[in-house]
>>> print(open('run.csv').read())   # CSV, C-alpha atoms and all ligand atoms
chain,number,residue,atom,x,y,z
A,1,MET,CA,-66.5,-49.4,-41.4
A,2,ALA,CA,-70.3,-48.7,-40.9
A,3,GLU,CA,-69.7,-48.0,-37.2
A,4,SER,CA,-67.1,-45.3,-37.9
A,5,VAL,CA,-67.7,-43.7,-41.3
A,6,GLN,CA,-68.5,-40.0,-40.9
A,7,LEU,CA,-71.9,-39.0,-42.1
A,8,HIS,CA,-72.8,-35.6,-40.7
A,9,ILE,CA,-70.4,-32.8,-39.5
A,10,ALA,CA,-70.5,-30.4,-36.7
A,11,THR,CA,-71.7,-27.3,-38.6
A,12,PRO,CA,-70.6,-23.7,-38.3
A,13,LEU,CA,-72.5,-21.5,-35.7
A,14,LEU,CA,-72.1,-17.9,-36.7
A,15,GLU,CA,-73.2,-14.8,-34.8
A,16,SER,CA,-75.0,-13.1,-37.6
A,17,ILE,CA,-74.2,-9.3,-37.7
A,18,PRO,CA,-76.7,-8.5,-40.4
A,19,LEU,CA,-79.5,-10.5,-38.8
A,20,THR,CA,-78.7,-9.1,-35.3
A,21,LYS,CA,-78.8,-5.6,-36.8
A,22,ARG,CA,-82.2,-6.3,-38.5
A,23,ALA,CA,-83.7,-8.0,-35.5
A,24,GLY,CA,-82.4,-5.7,-32.7
A,25,PHE,CA,-81.2,-8.7,-30.6
A,26,PRO,CA,-78.3,-11.2,-31.0
A,27,VAL,CA,-79.0,-13.8,-33.6
A,28,PHE,CA,-76.9,-16.9,-34.3
A,29,VAL,CA,-77.3,-19.0,-37.4
A,30,LYS,CA,-76.6,-22.7,-37.3
A,31,CYS,CA,-75.4,-23.5,-40.9
A,32,GLU,CA,-76.9,-26.9,-41.7
A,33,ASN,CA,-76.5,-26.0,-45.4
A,34,ALA,CA,-72.8,-26.9,-44.9
A,35,GLN,CA,-73.7,-30.5,-44.2
A,36,PRO,CA,-72.3,-33.0,-46.8
A,37,SER,CA,-75.8,-33.7,-48.0
A,38,GLY,CA,-76.7,-30.0,-48.1
A,39,SER,CA,-79.2,-30.0,-45.3
A,40,PHE,CA,-79.7,-31.1,-41.6
A,41,LYS,CA,-81.3,-34.3,-42.8
A,42,ILE,CA,-78.0,-36.2,-42.8
A,43,ARG,CA,-78.0,-36.0,-39.0
A,44,GLY,CA,-81.1,-38.1,-38.5
A,45,ILE,CA,-81.3,-40.0,-41.7
A,46,GLY,CA,-77.6,-40.9,-41.5
A,47,HIS,CA,-78.1,-42.2,-37.9
A,48,ARG,CA,-81.1,-44.2,-39.0
A,49,CYS,CA,-79.2,-45.6,-42.1
A,50,ARG,CA,-76.1,-46.5,-40.0
A,51,LYS,CA,-78.2,-48.5,-37.5
A,52,ALA,CA,-80.0,-50.2,-40.3
A,53,VAL,CA,-76.8,-51.3,-42.0
A,54,LEU,CA,-75.3,-52.4,-38.6
A,55,SER,CA,-78.4,-54.6,-38.2
A,56,GLY,CA,-77.7,-56.3,-41.6
A,57,CYS,CA,-79.6,-54.1,-44.0
A,58,LYS,CA,-78.3,-54.3,-47.6
A,59,HIS,CA,-80.8,-52.1,-49.3
A,60,ILE,CA,-82.1,-48.7,-48.1
A,61,ILE,CA,-85.4,-47.6,-49.5
A,62,SER,CA,-86.4,-44.0,-48.7
A,63,SER,CA,-89.4,-41.9,-49.6
A,64,SER,CA,-88.7,-38.2,-49.6
A,65,GLY,CA,-89.7,-34.7,-50.8
A,66,GLY,CA,-86.0,-34.4,-51.8
A,67,ASN,CA,-83.5,-33.6,-49.1
A,68,ALA,CA,-84.1,-36.6,-46.8
A,69,GLY,CA,-83.9,-38.8,-49.9
A,70,TYR,CA,-80.6,-37.3,-50.9
A,71,ALA,CA,-79.3,-37.7,-47.4
A,72,ALA,CA,-80.3,-41.4,-47.6
A,73,ALA,CA,-78.6,-41.8,-51.0
A,74,TYR,CA,-75.4,-40.1,-49.6
A,75,ALA,CA,-75.5,-42.2,-46.4
A,76,ALA,CA,-75.9,-45.5,-48.4
A,77,ARG,CA,-73.0,-44.5,-50.6
A,78,GLN,CA,-70.8,-43.9,-47.5
A,79,LEU,CA,-72.0,-47.1,-45.9
A,80,GLY,CA,-71.6,-49.2,-49.1
A,81,VAL,CA,-75.1,-50.4,-49.5
A,82,LYS,CA,-77.8,-50.1,-52.3
A,83,ALA,CA,-80.3,-47.2,-52.1
A,84,THR,CA,-83.7,-46.7,-53.8
A,85,ILE,CA,-85.3,-43.3,-53.3
A,86,VAL,CA,-89.0,-42.7,-54.1
A,87,VAL,CA,-89.9,-39.1,-54.7
A,88,PRO,CA,-93.1,-37.3,-55.8
A,89,GLU,CA,-93.4,-35.4,-59.1
A,90,THR,CA,-92.7,-32.1,-57.2
A,91,THR,CA,-89.1,-33.1,-56.3
A,92,ALA,CA,-86.8,-30.9,-58.2
A,93,GLN,CA,-84.9,-32.5,-61.1
A,94,ASN,CA,-81.5,-31.3,-59.7
A,95,VAL,CA,-82.2,-33.1,-56.5
A,96,ARG,CA,-83.2,-36.3,-58.4
A,97,ASN,CA,-79.9,-35.9,-60.4
A,98,ARG,CA,-77.9,-35.6,-57.1
A,99,MET,CA,-79.5,-38.8,-55.8
A,100,SER,CA,-78.6,-40.7,-59.0
A,101,ASP,CA,-75.1,-39.2,-58.9
A,102,ALA,CA,-74.7,-40.6,-55.4
A,103,GLY,CA,-75.5,-44.0,-56.8
A,104,ALA,CA,-79.2,-44.4,-55.8
A,105,GLN,CA,-82.0,-45.6,-58.0
A,106,VAL,CA,-84.6,-42.8,-58.2
A,107,ILE,CA,-88.3,-43.6,-58.7
A,108,VAL,CA,-90.8,-40.8,-59.3
A,109,HIS,CA,-94.3,-41.7,-58.0
A,110,GLY,CA,-97.3,-39.5,-56.9
A,111,LYS,CA,-98.2,-35.9,-56.7
A,112,VAL,CA,-97.1,-35.4,-53.0
A,113,TRP,CA,-94.7,-37.1,-50.7
A,114,ASP,CA,-97.4,-39.2,-49.1
A,115,GLU,CA,-98.1,-41.0,-52.4
A,116,ALA,CA,-94.4,-41.6,-53.0
A,117,ASN,CA,-94.2,-43.0,-49.4
A,118,ASP,CA,-97.1,-45.4,-50.2
A,119,ARG,CA,-95.1,-46.8,-53.2
A,120,ALA,CA,-91.9,-47.1,-51.0
A,121,GLN,CA,-93.8,-49.0,-48.4
A,122,ASP,CA,-95.0,-51.5,-51.1
A,123,MET,CA,-91.4,-52.0,-52.2
A,124,ILE,CA,-90.1,-52.4,-48.6
A,125,ALA,CA,-92.7,-55.1,-48.0
A,126,LYS,CA,-91.4,-57.1,-51.0
A,127,ASP,CA,-87.7,-56.9,-50.3
A,128,LYS,CA,-86.4,-58.9,-47.2
A,129,GLU,CA,-83.0,-57.2,-47.4
A,130,ALA,CA,-84.4,-53.7,-47.4
A,131,ILE,CA,-85.1,-51.3,-44.6
A,132,GLY,CA,-87.4,-48.3,-45.0
A,133,ILE,CA,-86.0,-44.9,-44.1
A,134,HIS,CA,-88.9,-42.5,-43.2
A,135,PRO,CA,-87.9,-38.8,-43.9
A,136,PHE,CA,-89.2,-37.5,-40.5
A,137,ASP,CA,-91.2,-40.0,-38.5
A,138,HIS,CA,-88.8,-42.3,-36.6
A,139,PRO,CA,-87.0,-42.2,-33.2
A,140,ASP,CA,-83.6,-42.8,-34.8
A,141,VAL,CA,-84.2,-39.8,-37.1
A,142,TRP,CA,-85.1,-37.6,-34.1
A,143,ALA,CA,-82.1,-39.0,-32.1
A,144,GLY,CA,-79.7,-38.0,-35.0
A,145,HIS,CA,-81.2,-34.5,-35.4
A,146,ALA,CA,-80.8,-34.0,-31.6
A,147,THR,CA,-77.0,-33.8,-32.2
A,148,LEU,CA,-77.6,-30.3,-33.5
A,149,VAL,CA,-78.7,-29.0,-30.1
A,150,GLU,CA,-75.8,-30.8,-28.4
A,151,GLU,CA,-73.5,-28.8,-30.6
A,152,LEU,CA,-75.3,-25.6,-29.7
A,153,ALA,CA,-74.8,-26.4,-26.0
A,154,ASN,CA,-71.1,-26.7,-26.6
A,155,GLU,CA,-70.8,-23.5,-28.8
A,156,LEU,CA,-73.2,-20.9,-27.7
A,157,PRO,CA,-72.0,-18.2,-25.2
A,158,GLN,CA,-75.2,-18.7,-23.2
A,159,LYS,CA,-78.4,-20.7,-23.1
A,160,PRO,CA,-80.6,-19.6,-26.0
A,161,ASP,CA,-83.8,-17.6,-25.4
A,162,LEU,CA,-85.4,-19.1,-28.6
A,163,ILE,CA,-84.6,-21.6,-31.3
A,164,ILE,CA,-86.2,-21.1,-34.7
A,165,THR,CA,-86.9,-24.0,-37.1
A,166,SER,CA,-89.2,-24.8,-40.0
A,167,VAL,CA,-91.6,-27.8,-39.9
A,168,GLY,CA,-92.6,-30.2,-42.7
A,169,GLY,CA,-93.4,-33.5,-41.1
A,170,GLY,CA,-91.9,-32.4,-37.8
A,171,GLY,CA,-88.8,-34.7,-37.7
A,172,LEU,CA,-86.5,-31.7,-37.0
A,173,LEU,CA,-88.8,-30.3,-34.4
A,174,CYS,CA,-88.9,-33.6,-32.6
A,175,GLY,CA,-85.1,-33.9,-32.8
A,176,ILE,CA,-84.7,-30.4,-31.4
A,177,ALA,CA,-87.1,-31.3,-28.5
A,178,GLU,CA,-85.0,-34.4,-27.8
A,179,GLY,CA,-81.8,-32.4,-27.9
A,180,LEU,CA,-83.2,-29.8,-25.5
A,181,ASP,CA,-84.0,-32.7,-23.1
A,182,ARG,CA,-80.5,-34.1,-23.5
A,183,VAL,CA,-78.8,-30.9,-22.6
A,184,GLY,CA,-81.2,-29.8,-19.9
A,185,TRP,CA,-82.7,-26.9,-21.9
A,186,GLN,CA,-86.3,-28.2,-21.6
A,187,ASP,CA,-87.5,-24.6,-20.9
A,188,VAL,CA,-86.0,-23.2,-24.1
A,189,PRO,CA,-88.8,-22.2,-26.4
A,190,VAL,CA,-89.0,-23.2,-30.1
A,191,LEU,CA,-90.5,-21.1,-32.9
A,192,ALA,CA,-91.9,-23.7,-35.4
A,193,MET,CA,-92.4,-22.0,-38.8
A,194,GLU,CA,-94.5,-23.2,-41.7
A,195,THR,CA,-95.8,-21.7,-44.9
A,196,VAL,CA,-99.5,-21.4,-45.9
A,197,GLY,CA,-100.4,-24.5,-47.8
A,198,ALA,CA,-97.8,-26.7,-46.0
A,199,ASP,CA,-99.0,-26.0,-42.4
A,200,CYS,CA,-100.0,-29.5,-41.2
A,201,PHE,CA,-98.4,-28.9,-37.8
A,202,ASN,CA,-100.1,-25.5,-37.2
A,203,LYS,CA,-103.5,-26.9,-38.2
A,204,SER,CA,-102.9,-29.8,-35.8
A,205,VAL,CA,-101.9,-27.5,-33.0
A,206,GLU,CA,-105.0,-25.4,-33.6
A,207,ALA,CA,-107.3,-28.5,-33.6
A,208,GLY,CA,-105.5,-30.1,-30.6
A,209,LYS,CA,-105.1,-33.3,-32.7
A,210,SER,CA,-103.3,-34.5,-35.8
A,211,VAL,CA,-104.7,-33.0,-38.9
A,212,THR,CA,-104.2,-34.1,-42.5
A,213,LEU,CA,-104.1,-31.4,-45.2
A,214,PRO,CA,-106.1,-31.9,-48.4
A,215,ALA,CA,-103.1,-30.9,-50.5
A,216,ILE,CA,-99.8,-29.1,-50.5
A,217,THR,CA,-100.3,-25.7,-52.1
A,218,SER,CA,-97.1,-23.9,-50.9
A,219,VAL,CA,-94.0,-23.4,-53.1
A,220,ALA,CA,-92.0,-24.8,-50.1
A,221,LYS,CA,-92.5,-28.3,-51.5
A,222,CYS,CA,-89.9,-29.8,-49.0
A,223,LEU,CA,-92.3,-28.9,-46.2
A,224,GLY,CA,-94.9,-30.9,-48.1
A,225,ALA,CA,-96.0,-33.5,-45.6
A,226,LEU,CA,-99.8,-33.8,-45.4
A,227,THR,CA,-99.8,-35.0,-41.8
A,228,PRO,CA,-97.2,-34.3,-39.0
A,229,ALA,CA,-95.5,-37.0,-37.1
A,230,ALA,CA,-97.6,-38.0,-34.1
A,231,LYS,CA,-94.6,-37.3,-31.8
A,232,CYS,CA,-95.0,-33.6,-32.6
A,233,MET,CA,-98.2,-33.5,-30.6
A,234,GLU,CA,-96.3,-35.0,-27.6
A,235,CYS,CA,-93.5,-32.4,-28.0
A,236,ILE,CA,-96.0,-29.5,-27.5
A,237,LYS,CA,-96.9,-31.0,-24.1
A,238,ASP,CA,-93.4,-31.0,-22.8
A,239,HIS,CA,-91.9,-27.9,-24.6
A,240,LYS,CA,-92.9,-24.3,-25.3
A,241,ILE,CA,-93.5,-24.4,-29.0
A,242,TYR,CA,-94.8,-21.4,-30.9
A,243,SER,CA,-96.4,-22.5,-34.1
A,244,GLU,CA,-96.5,-19.8,-36.8
A,245,VAL,CA,-97.4,-19.7,-40.5
A,246,ILE,CA,-96.3,-17.2,-43.1
A,247,PRO,CA,-97.2,-16.8,-46.8
A,248,ASP,CA,-94.9,-18.1,-49.5
A,249,LYS,CA,-94.0,-14.6,-50.3
A,250,GLU,CA,-92.3,-14.1,-46.9
A,251,ALA,CA,-90.4,-17.4,-47.3
A,252,ILE,CA,-89.1,-16.3,-50.7
A,253,ARG,CA,-88.2,-12.8,-49.3
A,254,ALA,CA,-86.3,-14.5,-46.5
A,255,CYS,CA,-84.3,-16.6,-49.0
A,256,LEU,CA,-83.4,-13.4,-50.9
A,257,MET,CA,-82.4,-11.5,-47.8
A,258,LEU,CA,-80.3,-14.4,-46.5
A,259,LEU,CA,-78.6,-14.5,-49.9
A,260,ASP,CA,-77.8,-10.8,-49.5
A,261,ASP,CA,-76.9,-11.0,-45.8
A,262,HIS,CA,-74.7,-14.2,-45.8
A,263,CYS,CA,-74.3,-15.2,-49.5
A,264,ILE,CA,-76.1,-18.5,-48.7
A,265,LEU,CA,-78.6,-19.8,-51.2
A,266,VAL,CA,-81.4,-21.7,-49.5
A,267,GLU,CA,-84.8,-23.1,-50.6
A,268,PRO,CA,-88.3,-21.9,-49.5
A,269,ALA,CA,-88.5,-24.7,-46.9
A,270,CYS,CA,-85.5,-23.1,-45.2
A,271,GLY,CA,-86.6,-19.5,-45.9
A,272,ALA,CA,-89.7,-20.3,-43.8
A,273,ALA,CA,-87.5,-20.6,-40.7
A,274,LEU,CA,-85.6,-17.4,-41.4
A,275,ALA,CA,-88.9,-15.5,-42.0
A,276,GLY,CA,-89.3,-15.8,-38.2
A,277,ILE,CA,-86.8,-12.9,-38.2
A,278,TYR,CA,-87.0,-11.3,-41.6
A,279,ALA,CA,-90.9,-11.2,-41.5
A,280,ARG,CA,-90.7,-10.0,-37.9
A,281,VAL,CA,-92.8,-12.8,-36.5
A,282,ILE,CA,-90.7,-12.7,-33.3
A,283,HIS,CA,-91.4,-9.0,-32.9
A,284,ARG,CA,-95.1,-9.6,-33.2
A,285,LEU,CA,-94.9,-12.3,-30.6
A,286,GLN,CA,-93.1,-9.8,-28.4
A,287,GLU,CA,-95.8,-7.2,-29.0
A,288,GLU,CA,-98.4,-9.8,-28.1
A,289,LYS,CA,-96.4,-10.4,-24.8
A,290,LYS,CA,-96.0,-14.0,-25.8
A,291,LEU,CA,-92.2,-13.6,-25.9
A,292,GLN,CA,-89.9,-11.7,-23.6
A,293,SER,CA,-88.8,-8.3,-24.8
A,294,ASP,CA,-85.1,-8.6,-23.8
A,295,LEU,CA,-84.0,-11.5,-26.1
A,296,LYS,CA,-80.2,-12.0,-25.7
A,297,CYS,CA,-79.6,-15.1,-27.7
A,298,VAL,CA,-81.7,-16.4,-30.6
A,299,VAL,CA,-80.7,-19.3,-32.8
A,300,ALA,CA,-82.1,-19.6,-36.4
A,301,ILE,CA,-81.5,-23.0,-38.0
A,302,VAL,CA,-80.4,-22.6,-41.6
A,303,CYS,CA,-81.7,-26.0,-42.5
A,304,GLY,CA,-80.3,-25.9,-46.0
A,305,GLY,CA,-81.7,-28.0,-48.9
A,306,TYR,CA,-80.9,-28.5,-52.6
A,307,SER,CA,-84.4,-27.9,-54.0
A,308,ILE,CA,-83.5,-24.5,-55.3
A,309,SER,CA,-81.3,-22.8,-57.9
A,310,LEU,CA,-80.3,-19.1,-58.5
A,311,GLU,CA,-82.5,-19.2,-61.6
A,312,GLU,CA,-85.5,-20.6,-59.7
A,313,LEU,CA,-85.1,-18.0,-56.9
A,314,LEU,CA,-84.9,-15.2,-59.4
A,315,LYS,CA,-88.1,-16.5,-61.0
A,316,PHE,CA,-89.8,-16.6,-57.5
A,317,LYS,CA,-88.6,-13.1,-57.0
A,318,LYS,CA,-90.4,-12.0,-60.1
A,319,ASP,CA,-93.5,-14.1,-59.5
A,320,PHE,CA,-93.9,-12.6,-56.0
A,321,ASN,CA,-93.1,-9.1,-57.1
A,322,LEU,CA,-90.1,-8.9,-54.7
A,401,LIG,C1,-91.8,-33.7,-47.6
A,401,LIG,O1,-90.4,-33.6,-47.5
A,401,LIG,C2,-90.0,-33.8,-46.2
A,401,LIG,C3,-88.4,-33.7,-46.1
A,401,LIG,N1,-88.0,-32.3,-46.1
A,401,LIG,C4,-88.1,-31.7,-44.9
A,401,LIG,C5,-87.4,-30.4,-44.8
A,401,LIG,C6,-87.7,-29.5,-43.7
A,401,LIG,C7,-88.7,-30.0,-42.6
A,401,LIG,O2,-88.2,-31.1,-41.9
A,401,LIG,P1,-89.2,-32.1,-41.2
A,401,LIG,O3,-90.1,-31.2,-40.4
A,401,LIG,O4,-89.9,-32.8,-42.3
A,401,LIG,O5,-88.3,-33.0,-40.4
A,401,LIG,C8,-87.0,-28.3,-43.5
A,401,LIG,N2,-86.1,-27.9,-44.4
A,401,LIG,C9,-85.8,-28.7,-45.5
A,401,LIG,C10,-84.8,-28.1,-46.4
A,401,LIG,C11,-86.4,-29.9,-45.7
A,401,LIG,O6,-86.1,-30.7,-46.8
A,401,LIG,C12,-87.8,-34.5,-47.2
A,401,LIG,O7,-86.8,-34.0,-47.8
A,401,LIG,O8,-88.2,-35.6,-47.5
>>> encode(input="run.csv", output="structure tokens")
Amino acid sequence: MAESVQLHIATPLLESIPLTKRAGFPVFVKCENAQPSGSFKIRGIGHRCRKAVLSGCKHIISSSGGNAGYAAAYAARQLGVKATIVVPETTAQNVRNRMSDAGAQVIVHGKVWDEANDRAQDMIAKDKEAIGIHPFDHPDVWAGHATLVEELANELPQKPDLIITSVGGGGLLCGIAEGLDRVGWQDVPVLAMETVGADCFNKSVEAGKSVTLPAITSVAKCLGALTPAAKCMECIKDHKIYSEVIPDKEAIRACLMLLDDHCILVEPACGAALAGIYARVIHRLQEEKKLQSDLKCVVAIVCGGYSISLEELLKFKKDFNL
């Protein structure tokens, strides 16, 4: 059963007419919001959980800002094992409820994910039957996320000129890099988007070494890792990765514009990726001659996520005067 139960799905890839019109070049959206757990996380977290259960694990303990934890709770339910998810105070109540509804025990500890992760590590050390599921820093997580690029290789009309993603701890970025290697697209550049106050990867790229933020001050709480996975710093050696940072306001604007363009409600962590187009970051890179002017195929990953509601988005709209 654990070998064969389906955890993630092959998600829709849409040629986005509204985004293509706004951008002036063909834009495809990879709709990870359609995953059973509401975000791309189930790809890597599901793969990690399945391998853990096949190795005899009876209790999954995950730390998460929210979406990785829900993916772990969902995977544990499908795999028929116990799950405990440790989340920081910033994790939205609706996400905590979803984890409980999936059958997981939810423990709230710490102001940021890193503190929740410390508590989870303590629990893992004391439970011989448990295996820890890291939300972004594990080879099995990256291997699972890489399936997204394999689907692109099967679906896109041509090799992409650019793939846009957002970065929290860098697990999705590392998975994309692994996927590009798998399908022979090592030269495809990646635009890695973060928000001000959740930009540990950008700070690390600028410093040429891993940097730990003093705090997470962005509203994109699900990008809230203080330090990126070390693997990210290897990825930038082997792949062309543009690291860009936008203010929270642009992430919220992107969420609002995507809702209008595609009737898809996403959280700020996902809006950050779409801001690569909506905030014209790509156009600036083109003006700076860092990106080719004749883009023919750009893929934006709609990473999804449940840390949002219509009410919260409307409050952000008001707070940011949008
Ligand atoms: C603290 O949180 C890290 C992680 N969220 C990460 C996340 C990302 C960034 O993915 P990453 O770069 O961490 O693999 C993007 N988009 C969404 C909707 C996300 O939830 C979590 O849920 O535990």
>>> closest_residue(input="run.csv", among="A:Leu172, A:Ile277, A:Ala230, A:Ala146", to="ligand LIG 401 (chain A)", atoms="only C-alpha atoms and all ligand atoms")
A:Leu172
>>> residues_around(input="run.csv", residues="Phe40 (chain A)", least_positions_apart="3", cutoff="12 Å", atoms="all atoms listed in the file", output="PyMOL selection string")
chain A and resi 7-11+30-37+43-47+67-68+70-72+135-136+141-142+144-149+165-166+171-173+175-176+270+301-306
>>> atom_distance(input="run.csv", atom1="CA of Asp238 (chain A)", atom2="CA of Asp187 (chain A)")
8.9 Å
>>> closest_residue(input="run.csv", among="A:Ser16, A:Thr84, A:Gln78, A:Thr227", to="Pro214 (chain A)", atoms="all atoms listed in the file")
A:Thr227
>>> residues_around(input="run.csv", residues="Asp319 (chain A)", least_positions_apart="6", cutoff="12 Å", atoms="only C-alpha atoms", output="ChimeraX atom specification")
/A:219,248-249,252-253,312-313
>>> closest_residue(input="run.csv", among="A:Cys297, A:Ser39, A:Glu206, A:Leu54", to="Val266 (chain A)", atoms="only C-alpha atoms")
A:Ser39
>>> closest_residue(input="run.csv", among="A:Ile42, A:Leu223, A:Leu322, A:Ile308", to="Glu250 (chain A)", atoms="only C-alpha atoms")
A:Leu322
>>> closest_residue(input="run.csv", among="A:Asp140, A:Asp114, A:Glu234, A:Asp127", to="ligand LIG 401 (chain A)", atoms="only C-alpha atoms and all ligand atoms")
A:Asp114
>>> closest_residue(input="run.csv", among="A:Val87, A:Met233, A:Ile124, A:Ile164", to="ligand LIG 401 (chain A)", atoms="all atoms listed in the file")
A:Val87
>>> axis_aligned_box(input="run.csv", around="region 245-251 of chain A", padding_each_side="5 Å", output="lines of an AutoDock Vina configuration file")
center_x = -93.9
center_y = -16.9
center_z = -45.4
size_x = 17.0
size_y = 15.6
size_z = 19.8
>>> residues_around(input="run.csv", residues="Gly56 (chain A)", least_positions_apart="2", cutoff="10 Å", atoms="only C-alpha atoms", output="ChimeraX atom specification")
/A:51-54,58-59,129-131
>>> residues_around(input="run.csv", residues="Leu19 (chain A)", least_positions_apart="6", cutoff="9 Å", atoms="all atoms listed in the file", output="PyMOL selection string")
chain A and resi 25-29+258+261+277-278
>>> atom_distance(input="run.csv", atom1="CA of Ser204 (chain A)", atom2="CA of Cys232 (chain A)")
9.3 Å
>>> residues_around(input="run.csv", residues="Ala198 (chain A)", least_positions_apart="4", cutoff="7 Å", atoms="all atoms listed in the file", output="ChimeraX atom specification")
/A:194,216-218,223-224
>>> atom_distance(input="run.csv", atom1="CA of Ser307 (chain A)", atom2="CA of Val205 (chain A)")
27.3 Å
